[in-house]
file data.txt (compact mmCIF, C-alpha atoms)
# COMPACT_ATOMS: atom_id res chain seq x y z
CA MET O 11 32.95 -10.56 2.21
CA SER O 12 34.47 -7.18 1.57
CA ILE O 13 35.33 -4.04 3.54
CA HIS O 14 36.31 -0.77 1.92
CA ILE O 15 37.24 2.51 3.58
CA SER O 16 37.00 5.21 0.94
CA GLU O 17 38.44 8.71 0.89
CA GLN O 18 36.62 9.36 -2.38
CA PRO O 19 32.87 9.71 -3.02
CA PHE O 20 31.22 6.44 -4.05
CA ASP O 21 27.94 5.54 -5.73
CA PRO O 22 26.40 2.78 -3.59
CA TRP O 23 24.29 1.36 -6.45
CA VAL O 24 27.28 1.14 -8.77
CA GLU O 25 29.35 -0.51 -6.03
CA ILE O 26 26.63 -3.08 -5.37
CA THR O 27 26.22 -3.78 -9.08
CA GLN O 28 29.97 -4.32 -9.49
CA HIS O 29 30.19 -6.47 -6.39
CA GLN O 30 27.34 -8.69 -7.61
CA LYS O 31 28.90 -9.08 -11.06
CA GLN O 32 32.15 -10.30 -9.55
CA SER O 33 30.36 -12.83 -7.41
CA ALA O 34 30.04 -16.44 -8.53
CA LEU O 35 27.00 -16.89 -6.32
CA GLU O 36 24.56 -14.77 -8.28
CA LYS O 37 22.01 -17.48 -9.06
CA GLN O 38 21.78 -18.49 -5.41
CA PHE O 39 20.89 -14.98 -4.22
CA GLY O 40 17.28 -15.05 -3.19
CA ALA O 41 17.54 -11.93 -1.06
CA THR O 42 19.58 -8.74 -0.97
CA ALA O 43 19.18 -6.22 1.84
CA THR O 44 21.01 -2.91 1.82
CA PHE O 45 21.33 0.18 3.94
CA ILE O 46 22.86 3.48 2.84
CA GLY O 47 23.52 6.34 5.23
CA SER O 48 23.96 9.71 3.51
CA MET O 49 24.86 13.21 4.58
CA ARG O 50 21.77 15.30 5.27
CA ASP O 51 21.62 19.10 5.04
CA PHE O 52 20.06 19.34 8.50
CA ASN O 53 21.09 17.95 11.89
CA ASP O 54 19.67 18.89 15.28
CA GLY O 55 17.78 21.77 13.63
CA ALA O 56 20.83 23.49 12.14
CA LYS O 57 21.80 23.70 8.49
CA VAL O 58 24.93 21.69 7.75
CA SER O 59 27.02 22.51 4.67
CA SER O 60 29.82 19.92 4.83
CA MET O 61 31.48 17.46 7.13
CA VAL O 62 34.81 15.87 7.96
CA LEU O 63 34.83 12.22 8.91
CA GLU O 64 37.80 11.24 11.07
CA HIS O 65 38.58 7.66 11.96
CA TYR O 66 41.16 5.40 13.63
CA PRO O 67 42.32 3.64 10.48
CA GLU O 68 43.88 0.45 11.84
CA MET O 69 41.10 -0.10 14.37
CA THR O 70 38.36 0.71 11.84
CA GLN O 71 39.57 -1.90 9.40
CA ARG O 72 39.99 -4.53 12.11
CA TYR O 73 36.65 -3.73 13.77
CA LEU O 74 34.67 -3.90 10.52
CA GLU O 75 36.34 -7.16 9.48
CA LYS O 76 35.42 -8.75 12.81
CA LEU O 77 31.89 -7.39 12.54
CA GLU O 78 31.43 -8.88 9.09
CA GLN O 79 32.79 -12.23 10.28
CA GLN O 80 30.40 -12.20 13.23
CA ALA O 81 27.46 -11.50 10.92
CA HIS O 82 28.43 -14.50 8.78
CA GLN O 83 28.56 -16.65 11.92
CA LYS O 84 25.17 -15.45 13.15
CA TRP O 85 23.30 -15.64 9.82
CA ASP O 86 23.47 -17.81 6.73
CA LEU O 87 24.85 -15.13 4.39
CA LEU O 88 26.19 -15.78 0.92
CA ASP O 89 28.07 -12.49 0.72
CA SER O 90 28.34 -9.04 2.25
CA LEU O 91 29.85 -5.65 1.49
CA ILE O 92 30.62 -2.73 3.79
CA ILE O 93 31.87 0.64 2.48
CA HIS O 94 32.48 3.67 4.69
CA ARG O 95 33.57 7.15 3.62
CA VAL O 96 36.19 9.14 5.50
CA GLY O 97 37.61 12.63 4.97
CA ASP O 98 35.75 15.59 3.48
CA ILE O 99 32.08 14.83 2.85
CA SER O 100 29.73 16.96 0.74
CA LEU O 101 25.99 17.33 1.02
CA ALA O 102 24.05 14.20 -0.02
CA ASP O 103 27.21 12.09 -0.26
CA PRO O 104 26.73 8.47 0.78
CA ILE O 105 28.66 7.84 4.01
CA VAL O 106 28.08 4.16 4.67
CA LEU O 107 26.86 1.22 2.62
CA ILE O 108 25.91 -2.16 4.05
CA ALA O 109 24.78 -4.92 1.69
CA CYS O 110 23.96 -8.51 2.60
CA TRP O 111 23.10 -11.39 0.28
CA SER O 112 21.41 -14.62 1.35
CA ALA O 113 19.22 -17.41 0.00
CA HIS O 114 16.23 -16.42 2.17
CA ARG O 115 15.13 -12.97 3.18
CA ARG O 116 15.37 -12.99 6.98
CA ALA O 117 19.14 -13.61 7.01
CA ALA O 118 19.90 -10.67 4.71
CA LEU O 119 17.44 -8.29 6.40
CA ASP O 120 18.43 -9.14 9.97
CA ALA O 121 22.17 -9.13 9.26
CA CYS O 122 21.95 -5.75 7.48
CA ASN O 123 20.03 -4.28 10.38
CA TRP O 124 22.47 -5.69 12.95
CA LEU O 125 25.54 -4.53 11.03
CA ILE O 126 24.45 -0.90 10.77
CA GLU O 127 23.49 -0.80 14.46
CA GLU O 128 26.81 -2.33 15.58
CA LEU O 129 28.78 -0.06 13.25
CA LYS O 130 26.95 3.04 14.50
CA HIS O 131 27.55 2.13 18.14
CA ASN O 132 31.15 0.91 18.03
CA ALA O 133 33.13 1.58 14.85
CA PRO O 134 35.73 4.30 15.53
CA PHE O 135 34.49 7.08 13.22
CA TRP O 136 33.76 10.68 14.24
CA LYS O 137 31.83 13.37 12.37
CA LYS O 138 32.67 17.05 12.51
CA GLU O 139 30.00 19.22 10.91
CA SER O 140 30.45 22.65 9.31
CA ARG O 141 27.38 24.67 10.24
CA GLN O 142 26.29 28.28 9.99
CA ASP O 143 27.45 28.75 13.59
CA GLY O 144 30.84 27.12 12.98
CA GLU O 145 32.34 23.66 13.23
CA ARG O 146 30.96 21.17 15.70
CA TRP O 147 31.76 17.56 16.59
CA VAL O 148 28.63 15.44 16.44
CA GLU O 149 28.10 14.12 19.94
CA ASN O 150 25.70 11.28 19.44
CA ASN O 151 24.05 9.63 16.46
CA THR O 152 23.34 6.17 17.74
CA ASP O 153 19.63 6.15 18.57
CA GLY O 154 18.41 5.90 14.98
CA THR O 155 15.58 8.43 15.26
CA MET N 11 5.66 7.06 -3.40
CA SER N 12 5.62 4.79 -6.40
CA ILE N 13 4.32 1.31 -7.32
CA HIS N 14 5.27 -0.47 -10.49
CA ILE N 15 4.16 -3.91 -11.70
CA SER N 16 6.56 -4.95 -14.43
CA GLU N 17 6.19 -7.65 -17.08
CA GLN N 18 9.77 -6.95 -18.18
CA PRO N 19 13.02 -7.68 -16.32
CA PHE N 20 14.28 -4.73 -14.29
CA ASP N 21 17.61 -3.78 -12.73
CA PRO N 22 16.85 -2.78 -9.14
CA TRP N 23 19.95 -0.59 -8.77
CA VAL N 24 19.19 1.32 -11.98
CA GLU N 25 15.58 1.78 -10.88
CA ILE N 26 16.67 3.11 -7.49
CA THR N 27 19.22 5.44 -9.09
CA GLN N 28 16.60 6.84 -11.47
CA HIS N 29 14.02 7.21 -8.72
CA GLN N 30 16.49 9.12 -6.54
CA LYS N 31 17.47 11.43 -9.40
CA GLN N 32 13.86 12.41 -9.98
CA SER N 33 13.31 13.16 -6.33
CA ALA N 34 13.54 16.70 -5.04
CA LEU N 35 14.29 15.41 -1.56
CA GLU N 36 17.77 14.09 -2.18
CA LYS N 37 19.61 16.29 0.28
CA GLN N 38 17.25 15.32 3.08
CA PHE N 39 17.87 11.59 2.67
CA GLY N 40 19.86 10.42 5.64
CA ALA N 41 18.91 6.79 5.19
CA THR N 42 17.96 4.43 2.39
CA ALA N 43 16.95 0.83 3.09
CA THR N 44 16.26 -1.61 0.29
CA PHE N 45 15.25 -5.22 -0.14
CA ILE N 46 15.48 -7.18 -3.38
CA GLY N 47 14.02 -10.67 -3.78
CA SER N 48 15.45 -12.60 -6.73
CA MET N 49 14.78 -15.94 -8.36
CA ARG N 50 17.05 -18.65 -7.01
CA ASP N 51 18.04 -21.79 -8.90
CA PHE N 52 17.02 -23.99 -5.96
CA ASN N 53 13.81 -24.25 -3.93
CA ASP N 54 12.88 -26.98 -1.46
CA GLY N 55 15.89 -28.98 -2.61
CA ALA N 56 14.92 -29.11 -6.30
CA LYS N 57 16.59 -27.35 -9.20
CA VAL N 58 14.33 -24.66 -10.67
CA SER N 59 14.91 -23.46 -14.23
CA SER N 60 12.24 -20.79 -14.68
CA MET N 61 9.04 -19.49 -13.17
CA VAL N 62 5.74 -17.88 -14.06
CA LEU N 63 4.38 -15.23 -11.72
CA GLU N 64 0.62 -14.85 -11.86
CA HIS N 65 -1.24 -12.07 -10.09
CA TYR N 66 -4.65 -10.47 -9.65
CA PRO N 67 -3.83 -7.20 -11.41
CA GLU N 68 -6.48 -4.83 -10.04
CA MET N 69 -6.14 -6.14 -6.50
CA THR N 70 -2.34 -6.15 -6.64
CA GLN N 71 -2.17 -2.50 -7.60
CA ARG N 72 -4.72 -1.50 -4.96
CA TYR N 73 -3.17 -3.64 -2.24
CA LEU N 74 0.36 -2.31 -2.82
CA GLU N 75 -0.84 1.30 -2.91
CA LYS N 76 -2.60 0.86 0.42
CA LEU N 77 0.44 -0.88 1.86
CA GLU N 78 2.70 1.98 0.82
CA GLN N 79 0.29 4.54 2.31
CA GLN N 80 0.18 2.58 5.57
CA ALA N 81 3.96 2.54 5.74
CA HIS N 82 4.04 6.33 5.31
CA GLN N 83 1.52 6.65 8.15
CA LYS N 84 3.46 4.37 10.48
CA TRP N 85 6.93 5.78 9.78
CA ASP N 86 8.38 9.16 8.89
CA LEU N 87 9.37 8.29 5.32
CA LEU N 88 10.49 10.80 2.69
CA ASP N 89 9.86 8.46 -0.22
CA SER N 90 9.35 4.83 -1.16
CA LEU N 91 9.38 2.61 -4.23
CA ILE N 92 7.90 -0.85 -4.79
CA ILE N 93 8.47 -2.83 -7.99
CA HIS N 94 7.18 -6.37 -8.55
CA ARG N 95 7.75 -8.59 -11.59
CA VAL N 96 4.98 -10.68 -13.11
CA GLY N 97 4.94 -13.11 -16.05
CA ASP N 98 7.85 -15.28 -17.18
CA ILE N 99 10.82 -15.05 -14.83
CA SER N 100 14.33 -16.30 -15.60
CA LEU N 101 17.01 -17.49 -13.22
CA ALA N 102 18.51 -14.71 -11.07
CA ASP N 103 15.92 -12.17 -12.21
CA PRO N 104 14.91 -9.68 -9.52
CA ILE N 105 11.27 -10.35 -8.54
CA VAL N 106 10.57 -7.66 -5.98
CA LEU N 107 12.21 -4.38 -4.99
CA ILE N 108 11.34 -2.38 -1.87
CA ALA N 109 13.16 0.90 -1.23
CA CYS N 110 12.48 3.35 1.61
CA TRP N 111 14.03 6.76 2.17
CA SER N 112 13.98 8.66 5.46
CA ALA N 113 15.92 11.27 7.41
CA HIS N 114 16.94 8.80 10.14
CA ARG N 115 17.76 5.14 9.78
CA ARG N 116 15.15 3.36 11.89
CA ALA N 117 12.22 4.60 9.79
CA ALA N 118 13.71 3.37 6.50
CA LEU N 119 14.92 0.05 7.93
CA ASP N 120 11.73 -0.77 9.82
CA ALA N 121 9.40 0.28 6.99
CA CYS N 122 11.38 -1.75 4.43
CA ASN N 123 11.23 -4.80 6.68
CA TRP N 124 7.50 -4.36 7.33
CA LEU N 125 6.68 -3.82 3.65
CA ILE N 126 8.37 -7.00 2.43
CA GLU N 127 6.72 -9.08 5.19
CA GLU N 128 3.25 -7.66 4.45
CA LEU N 129 3.72 -8.06 0.72
CA LYS N 130 4.89 -11.67 1.12
CA HIS N 131 1.93 -12.54 3.34
CA ASN N 132 -0.90 -10.74 1.56
CA ALA N 133 -0.20 -9.39 -1.92
CA PRO N 134 -2.04 -11.52 -4.51
CA PHE N 135 0.89 -13.01 -6.44
CA TRP N 136 1.48 -16.71 -7.11
CA LYS N 137 4.63 -18.48 -8.29
CA LYS N 138 4.63 -21.53 -10.54
CA GLU N 139 8.06 -23.11 -10.84
CA SER N 140 9.41 -25.16 -13.73
CA ARG N 141 11.50 -27.94 -12.22
CA GLN N 142 13.19 -31.09 -13.42
CA ASP N 143 10.11 -33.03 -12.26
CA GLY N 144 7.64 -30.69 -13.99
CA GLU N 145 5.71 -27.56 -13.11
CA ARG N 146 4.65 -26.90 -9.57
CA TRP N 147 2.79 -24.11 -7.80
CA VAL N 148 4.81 -22.83 -4.85
CA GLU N 149 2.70 -23.52 -1.76
CA ASN N 150 4.26 -21.30 0.84
CA ASN N 151 7.09 -18.80 0.95
CA THR N 152 6.14 -16.62 3.85
CA ASP N 153 8.33 -17.73 6.73
CA GLY N 154 11.48 -16.01 5.49
CA THR N 155 13.89 -18.87 6.25
CA MET D 10 -26.76 -6.81 -12.73
CA THR D 11 -24.42 -9.72 -12.35
CA ILE D 12 -21.66 -10.80 -10.03
CA GLN D 13 -18.26 -11.59 -11.47
CA VAL D 14 -16.42 -14.55 -9.95
CA LYS D 15 -12.68 -15.08 -10.49
CA PHE D 16 -10.29 -17.91 -9.66
CA PHE D 17 -6.51 -17.61 -9.62
CA ALA D 18 -3.37 -19.75 -9.77
CA SER D 19 -3.60 -23.40 -8.68
CA LEU D 20 -7.28 -22.97 -7.85
CA ARG D 21 -7.97 -21.66 -11.35
CA GLU D 22 -6.25 -24.72 -12.81
CA LYS D 23 -7.99 -27.11 -10.42
CA MET D 24 -11.43 -25.66 -11.13
CA GLY D 25 -10.77 -25.19 -14.83
CA VAL D 26 -12.43 -21.77 -14.60
CA SER D 27 -10.82 -18.33 -14.53
CA GLU D 28 -13.92 -16.10 -14.66
CA SER D 29 -17.64 -16.64 -14.42
CA LYS D 30 -20.63 -14.28 -14.38
CA ILE D 31 -23.49 -15.24 -12.13
CA GLU D 32 -26.85 -13.83 -11.04
CA SER D 33 -27.46 -12.39 -7.58
CA VAL D 34 -26.29 -14.37 -4.55
CA ALA D 35 -26.24 -13.49 -0.85
CA THR D 36 -22.65 -14.32 0.16
CA ALA D 37 -19.23 -15.13 -1.30
CA GLY D 38 -19.85 -18.72 -0.21
CA ASP D 39 -23.06 -18.81 -2.26
CA ALA D 40 -21.09 -17.59 -5.28
CA TRP D 41 -18.58 -20.38 -4.72
CA ASP D 42 -21.33 -22.98 -4.46
CA LEU D 43 -23.06 -21.76 -7.61
CA VAL D 44 -19.91 -21.70 -9.77
CA THR D 45 -18.28 -24.87 -8.42
CA ASN D 46 -21.51 -26.85 -8.01
CA HIS D 47 -20.99 -27.02 -4.23
CA ALA D 48 -17.37 -28.20 -4.39
CA GLU D 49 -15.64 -28.52 -1.01
CA HIS D 50 -13.61 -25.43 -0.03
CA PRO D 51 -9.91 -26.27 -0.43
CA ILE D 52 -7.91 -25.72 2.77
CA ASN D 53 -6.61 -22.17 3.25
CA ILE D 54 -8.47 -20.78 0.26
CA LEU D 55 -8.71 -16.98 0.35
CA VAL D 56 -11.66 -14.78 -0.60
CA ALA D 57 -11.69 -11.19 -1.88
CA ILE D 58 -14.72 -9.04 -2.61
CA ASN D 59 -14.13 -5.94 -4.74
CA LEU D 60 -10.34 -6.32 -4.36
CA GLU D 61 -10.45 -6.48 -0.53
CA TYR D 62 -9.94 -9.58 1.59
CA ALA D 63 -13.25 -11.01 2.83
CA GLN D 64 -14.77 -14.25 4.17
CA PHE D 65 -16.98 -16.96 2.68
CA ASP D 66 -19.90 -15.59 4.70
CA SER D 67 -19.30 -11.95 3.67
CA PRO D 68 -22.32 -10.42 1.88
CA VAL D 69 -22.14 -9.86 -1.88
CA ASN D 70 -24.04 -7.19 -3.78
CA ASP D 71 -24.99 -6.92 -7.42
CA GLY D 72 -22.06 -5.69 -9.48
CA ASP D 73 -19.49 -7.01 -7.04
CA GLU D 74 -16.39 -8.93 -8.04
CA VAL D 75 -15.70 -12.02 -5.93
CA ALA D 76 -12.32 -13.76 -6.16
CA PHE D 77 -11.06 -17.07 -4.76
CA PHE D 78 -7.38 -17.96 -4.63
CA PRO D 79 -4.77 -20.04 -2.79
CA PRO D 80 -2.28 -18.63 -0.25
CA VAL D 81 -0.15 -15.98 -1.91
CA THR D 82 3.51 -16.61 -2.79
CA GLY D 83 4.83 -13.36 -4.21
CA GLY D 84 7.91 -11.35 -3.32
CA MET L 22 60.30 -0.47 24.16
CA THR L 23 57.72 2.26 24.37
CA ILE L 24 53.97 2.60 24.50
CA GLN L 25 52.20 4.63 21.84
CA VAL L 26 49.27 6.76 22.99
CA LYS L 27 46.74 8.21 20.53
CA PHE L 28 43.88 10.68 20.84
CA PHE L 29 41.09 11.12 18.31
CA ALA L 30 38.44 13.63 17.23
CA SER L 31 37.20 16.16 19.82
CA LEU L 32 39.48 14.67 22.46
CA ARG L 33 42.49 15.13 20.18
CA GLU L 34 41.55 18.78 19.70
CA LYS L 35 40.85 19.31 23.39
CA MET L 36 44.13 17.76 24.47
CA GLY L 37 46.10 19.28 21.61
CA VAL L 38 47.87 15.95 21.17
CA SER L 39 47.32 13.28 18.52
CA GLU L 40 50.13 10.87 19.34
CA SER L 41 52.62 10.49 22.14
CA LYS L 42 55.29 7.89 22.93
CA ILE L 43 55.80 7.06 26.58
CA GLU L 44 57.85 4.67 28.72
CA SER L 45 56.40 1.63 30.45
CA VAL L 46 53.21 2.06 32.46
CA ALA L 47 50.97 -0.48 34.19
CA THR L 48 47.49 0.44 32.91
CA ALA L 49 45.73 2.49 30.24
CA GLY L 50 44.78 4.93 33.02
CA ASP L 51 48.46 5.36 33.90
CA ALA L 52 49.17 6.17 30.25
CA TRP L 53 46.38 8.77 30.32
CA ASP L 54 47.75 10.33 33.49
CA LEU L 55 51.28 10.49 32.14
CA VAL L 56 50.36 12.10 28.81
CA THR L 57 47.64 14.46 30.09
CA ASN L 58 49.38 15.32 33.37
CA HIS L 59 46.54 13.73 35.36
CA ALA L 60 43.72 15.50 33.53
CA GLU L 61 40.23 14.46 34.57
CA HIS L 62 38.69 11.74 32.37
CA PRO L 63 36.04 13.35 30.15
CA ILE L 64 32.60 11.72 30.50
CA ASN L 65 32.04 8.72 28.24
CA ILE L 66 35.61 8.63 27.00
CA LEU L 67 36.48 5.30 25.35
CA VAL L 68 39.72 3.34 25.60
CA ALA L 69 41.27 0.89 23.14
CA ILE L 70 44.42 -1.17 23.59
CA ASN L 71 45.96 -2.67 20.44
CA LEU L 72 42.82 -1.78 18.42
CA GLU L 73 40.41 -3.54 20.84
CA TYR L 74 38.06 -1.84 23.28
CA ALA L 75 39.45 -1.86 26.84
CA GLN L 76 39.09 -0.06 30.19
CA PHE L 77 41.13 2.56 32.02
CA ASP L 78 42.30 -0.15 34.44
CA SER L 79 43.23 -2.63 31.68
CA PRO L 80 46.93 -3.65 31.82
CA VAL L 81 49.30 -2.26 29.20
CA ASN L 82 52.47 -3.99 28.00
CA ASP L 83 55.55 -2.62 26.30
CA GLY L 84 54.93 -2.10 22.61
CA ASP L 85 51.18 -1.66 23.05
CA GLU L 86 49.14 1.06 21.39
CA VAL L 87 46.68 2.80 23.70
CA ALA L 88 43.97 5.05 22.24
CA PHE L 89 41.47 7.42 23.86
CA PHE L 90 38.47 8.82 22.01
CA PRO L 91 34.96 10.21 22.43
CA PRO L 92 31.76 8.25 21.67
CA VAL L 93 31.77 7.20 18.02
CA THR L 94 29.52 8.90 15.45
CA GLY L 95 30.07 7.05 12.17
CA GLY L 96 27.62 5.51 9.74
call {"tool": "encode", "arguments": {"input": "data.txt", "output": "structure tokens"}}
result
Amino acid sequence: MSIHISEQPFDPWVEITQHQKQSALEKQFGATATFIGSMRDFNDGAKVSSMVLEHYPEMTQRYLEKLEQQAHQKWDLLDSLIIHRVGDISLADPIVLIACWSAHRRAALDACNWLIEELKHNAPFWKKESRQDGERWVENNTDGT
Amino acid sequence: MSIHISEQPFDPWVEITQHQKQSALEKQFGATATFIGSMRDFNDGAKVSSMVLEHYPEMTQRYLEKLEQQAHQKWDLLDSLIIHRVGDISLADPIVLIACWSAHRRAALDACNWLIEELKHNAPFWKKESRQDGERWVENNTDGT
Amino acid sequence: MTIQVKFFASLREKMGVSESKIESVATAGDAWDLVTNHAEHPINILVAINLEYAQFDSPVNDGDEVAFFPPVTGG
Amino acid sequence: MTIQVKFFASLREKMGVSESKIESVATAGDAWDLVTNHAEHPINILVAINLEYAQFDSPVNDGDEVAFFPPVTGG
């Protein structure tokens, strides 16, 4: 289990590779499910050039740790990794990474899906977009469509 | 959209990285969902040392292409990638990779989930395990638990 | 014209046949009977005609490829 | 002992305050009223006490940290 809040850009595939290498469980992994959320160049029909991600640092860390623990209670996971960017975000930068490892596929897939939904709905992060018409706080991004 | 049947080991994270680099859509990706199925050292309580994956080559290719097209009809995907190993498989080798890219998260997550379930239930692949007590055809692996 | 019949995986091993070419038959089931000498259908056995899932009573035409195989276990 | 009050994101900008230290109050709502001079609660505003989600009428003790923020938009 690992949580990382990053002020620097990260490569999700490199992070996953490194996390797997450090793990002693590799031969038991039957299933790995991942989700990566990245910064798009369009939102609500307007061109977005960059973004600032604010958060509530102490609460973020605590909330994500509890979330990861809950996922391990609900599903039979062998390992998990959550990374979330904060600060200045450029176009196409990965913002969030969720990775779940399990022996059988449903645990990893369902836990990954649950974690991103819970994080989106409750983790104390806020996005402020720089658009052609100025800066704007994103008001809602929780419905997934 | 891409399908690859591989007789050689592959690194799923390298494959995803390369696929993304070749794509012209990168800045539109808001969401990437992936699933990797790997060879475990245990199945049904017995230690497994290696595996042979047989398939029906012409039907496999055709089935996976149709599956990928169906996913793009059902969900608003920007891109997708399916890789499946065949032949001699070693411990911890990745067997299957599904990756889906979309603007918003539900499309990528739901399509990835649907693709692995459909593939598991219908794609003409068969696993033969080498175990301490000899070789054995796997009889069922579709329930996900 | 002939019909090509294929067997895969545990069924291939059980039957001792991977491919067989036969003369015209009416259905996939007739192809099975001809190649296996009327062997019983193993439980859950699957049928494909020209790379698409089909049934034992599905019609077969000259030039078709008929395949029989056990439940799939990929992924 | 004092209570620490924090505002985040659009609410921080709107209020022009990020952190404030206040004397004892009974509830999170009382802390809001004291710091904002009884400003109306913006729609959907969220409350946390000591890093856990809470309500405006949740009790606050000396030494607590009370935070107010808009709906979250991470991930």
call {"tool": "atom_distance", "arguments": {"input": "data.txt", "atom1": "CA of Asp83 in chain L", "atom2": "CA of Val46 in chain L"}}
result
8.1 Å
call {"tool": "interface_residues", "arguments": {"input": "data.txt", "of": "chain O", "to": "chain N", "cutoff": "8 Å", "atoms": "only C-alpha atoms", "output": "MDAnalysis selection string"}}
result
chainID O and resid 23:24 26:27 36:52 101:102 113:117 119 123 154:155
call {"tool": "atom_distance", "arguments": {"input": "data.txt", "atom1": "CA of Lys27 in chain L", "atom2": "CA of Glu128 in chain O"}}
result
23.1 Å
call {"tool": "axis_aligned_box", "arguments": {"input": "data.txt", "around": "range 65-83 of chain N", "padding_each_side": "3 Å", "output": "JSON"}}
result
{"center_x": -1.2, "center_y": -2.7, "center_z": -1.6, "size_x": 16.5, "size_y": 24.7, "size_z": 25.6}
call {"tool": "atom_distance", "arguments": {"input": "data.txt", "atom1": "CA of Pro67 in chain O", "atom2": "CA of Leu72 in chain L"}}
result
9.6 Å
call {"tool": "calpha_fit_and_write", "arguments": {"input": "data.txt", "fixed": "chain L", "moving": "chain D", "output": "compact mmCIF listing (two decimals) with C-alpha atoms, keeping the file's coordinate frame"}}
result
# COMPACT_ATOMS: atom_id res chain seq x y z
CA MET D 10 60.27 -0.47 24.23
CA THR D 11 57.72 2.28 24.36
CA ILE D 12 53.97 2.60 24.49
CA GLN D 13 52.21 4.63 21.84
CA VAL D 14 49.28 6.77 22.99
CA LYS D 15 46.75 8.20 20.53
CA PHE D 16 43.88 10.67 20.86
CA PHE D 17 41.11 11.12 18.31
CA ALA D 18 38.45 13.62 17.25
CA SER D 19 37.20 16.16 19.81
CA LEU D 20 39.49 14.68 22.46
CA ARG D 21 42.50 15.13 20.19
CA GLU D 22 41.55 18.78 19.70
CA LYS D 23 40.84 19.32 23.39
CA MET D 24 44.13 17.77 24.48
CA GLY D 25 46.11 19.29 21.63
CA VAL D 26 47.87 15.95 21.17
CA SER D 27 47.31 13.29 18.51
CA GLU D 28 50.14 10.86 19.34
CA SER D 29 52.64 10.49 22.13
CA LYS D 30 55.30 7.88 22.93
CA ILE D 31 55.79 7.05 26.57
CA GLU D 32 57.87 4.67 28.69
CA SER D 33 56.39 1.64 30.44
CA VAL D 34 53.19 2.08 32.45
CA ALA D 35 50.96 -0.46 34.19
CA THR D 36 47.48 0.45 32.89
CA ALA D 37 45.72 2.51 30.22
CA GLY D 38 44.77 4.91 33.01
CA ASP D 39 48.45 5.37 33.89
CA ALA D 40 49.16 6.18 30.24
CA TRP D 41 46.39 8.77 30.32
CA ASP D 42 47.75 10.33 33.50
CA LEU D 43 51.29 10.49 32.14
CA VAL D 44 50.34 12.10 28.81
CA THR D 45 47.64 14.45 30.10
CA ASN D 46 49.38 15.32 33.38
CA HIS D 47 46.55 13.72 35.37
CA ALA D 48 43.73 15.50 33.53
CA GLU D 49 40.22 14.46 34.58
CA HIS D 50 38.69 11.74 32.36
CA PRO D 51 36.04 13.37 30.16
CA ILE D 52 32.61 11.73 30.51
CA ASN D 53 32.04 8.72 28.24
CA ILE D 54 35.61 8.63 26.98
CA LEU D 55 36.49 5.30 25.35
CA VAL D 56 39.72 3.32 25.61
CA ALA D 57 41.27 0.88 23.13
CA ILE D 58 44.42 -1.18 23.59
CA ASN D 59 45.95 -2.67 20.45
CA LEU D 60 42.82 -1.80 18.42
CA GLU D 61 40.42 -3.55 20.85
CA TYR D 62 38.07 -1.84 23.28
CA ALA D 63 39.45 -1.86 26.84
CA GLN D 64 39.08 -0.05 30.18
CA PHE D 65 41.14 2.56 32.03
CA ASP D 66 42.28 -0.15 34.44
CA SER D 67 43.22 -2.64 31.68
CA PRO D 68 46.91 -3.65 31.81
CA VAL D 69 49.29 -2.26 29.19
CA ASN D 70 52.45 -3.98 27.98
CA ASP D 71 55.54 -2.62 26.30
CA GLY D 72 54.92 -2.10 22.60
CA ASP D 73 51.19 -1.67 23.04
CA GLU D 74 49.15 1.05 21.39
CA VAL D 75 46.68 2.79 23.70
CA ALA D 76 43.97 5.04 22.23
CA PHE D 77 41.48 7.42 23.86
CA PHE D 78 38.49 8.82 22.01
CA PRO D 79 34.97 10.20 22.44
CA PRO D 80 31.77 8.24 21.66
CA VAL D 81 31.78 7.20 18.02
CA THR D 82 29.50 8.87 15.46
CA GLY D 83 30.07 7.05 12.19
CA GLY D 84 27.61 5.50 9.77
call {"tool": "interface_residues", "arguments": {"input": "data.txt", "of": "chain N", "to": "chain D", "cutoff": "6 Å", "atoms": "all atoms listed in the file", "output": "list in words"}}
result
Met69, Val106, Lys130, Pro134, Phe135, Trp136, Lys137, Asn150 and Asn151 of chain N
call {"tool": "residues_around", "arguments": {"input": "data.txt", "residues": "Ala37 in chain D", "least_positions_apart": "5", "cutoff": "9 Å", "atoms": "only C-alpha atoms", "output": "PDB file with C-alpha atoms, in the frame of the given file"}}
result
ATOM      1  CA  ASP D  42     -21.330 -22.980  -4.460  1.00  0.00           C
ATOM      2  CA  VAL D  56     -11.660 -14.780  -0.600  1.00  0.00           C
ATOM      3  CA  ALA D  57     -11.690 -11.190  -1.880  1.00  0.00           C
ATOM      4  CA  ILE D  58     -14.720  -9.040  -2.610  1.00  0.00           C
ATOM      5  CA  ALA D  63     -13.250 -11.010   2.830  1.00  0.00           C
ATOM      6  CA  GLN D  64     -14.770 -14.250   4.170  1.00  0.00           C
ATOM      7  CA  PHE D  65     -16.980 -16.960   2.680  1.00  0.00           C
ATOM      8  CA  ASP D  66     -19.900 -15.590   4.700  1.00  0.00           C
ATOM      9  CA  SER D  67     -19.300 -11.950   3.670  1.00  0.00           C
ATOM     10  CA  PRO D  68     -22.320 -10.420   1.880  1.00  0.00           C
ATOM     11  CA  VAL D  69     -22.140  -9.860  -1.880  1.00  0.00           C
ATOM     12  CA  VAL D  75     -15.700 -12.020  -5.930  1.00  0.00           C
ATOM     13  CA  ALA D  76     -12.320 -13.760  -6.160  1.00  0.00           C
TER      14      ALA D  76
END
call {"tool": "residues_near_point", "arguments": {"input": "data.txt", "point": "(55.4, 3.4, 26.4)", "cutoff": "7 Å", "atoms": "all atoms listed in the file", "output": "ChimeraX atom specification"}}
result
/L:22-25,42-46,83-84
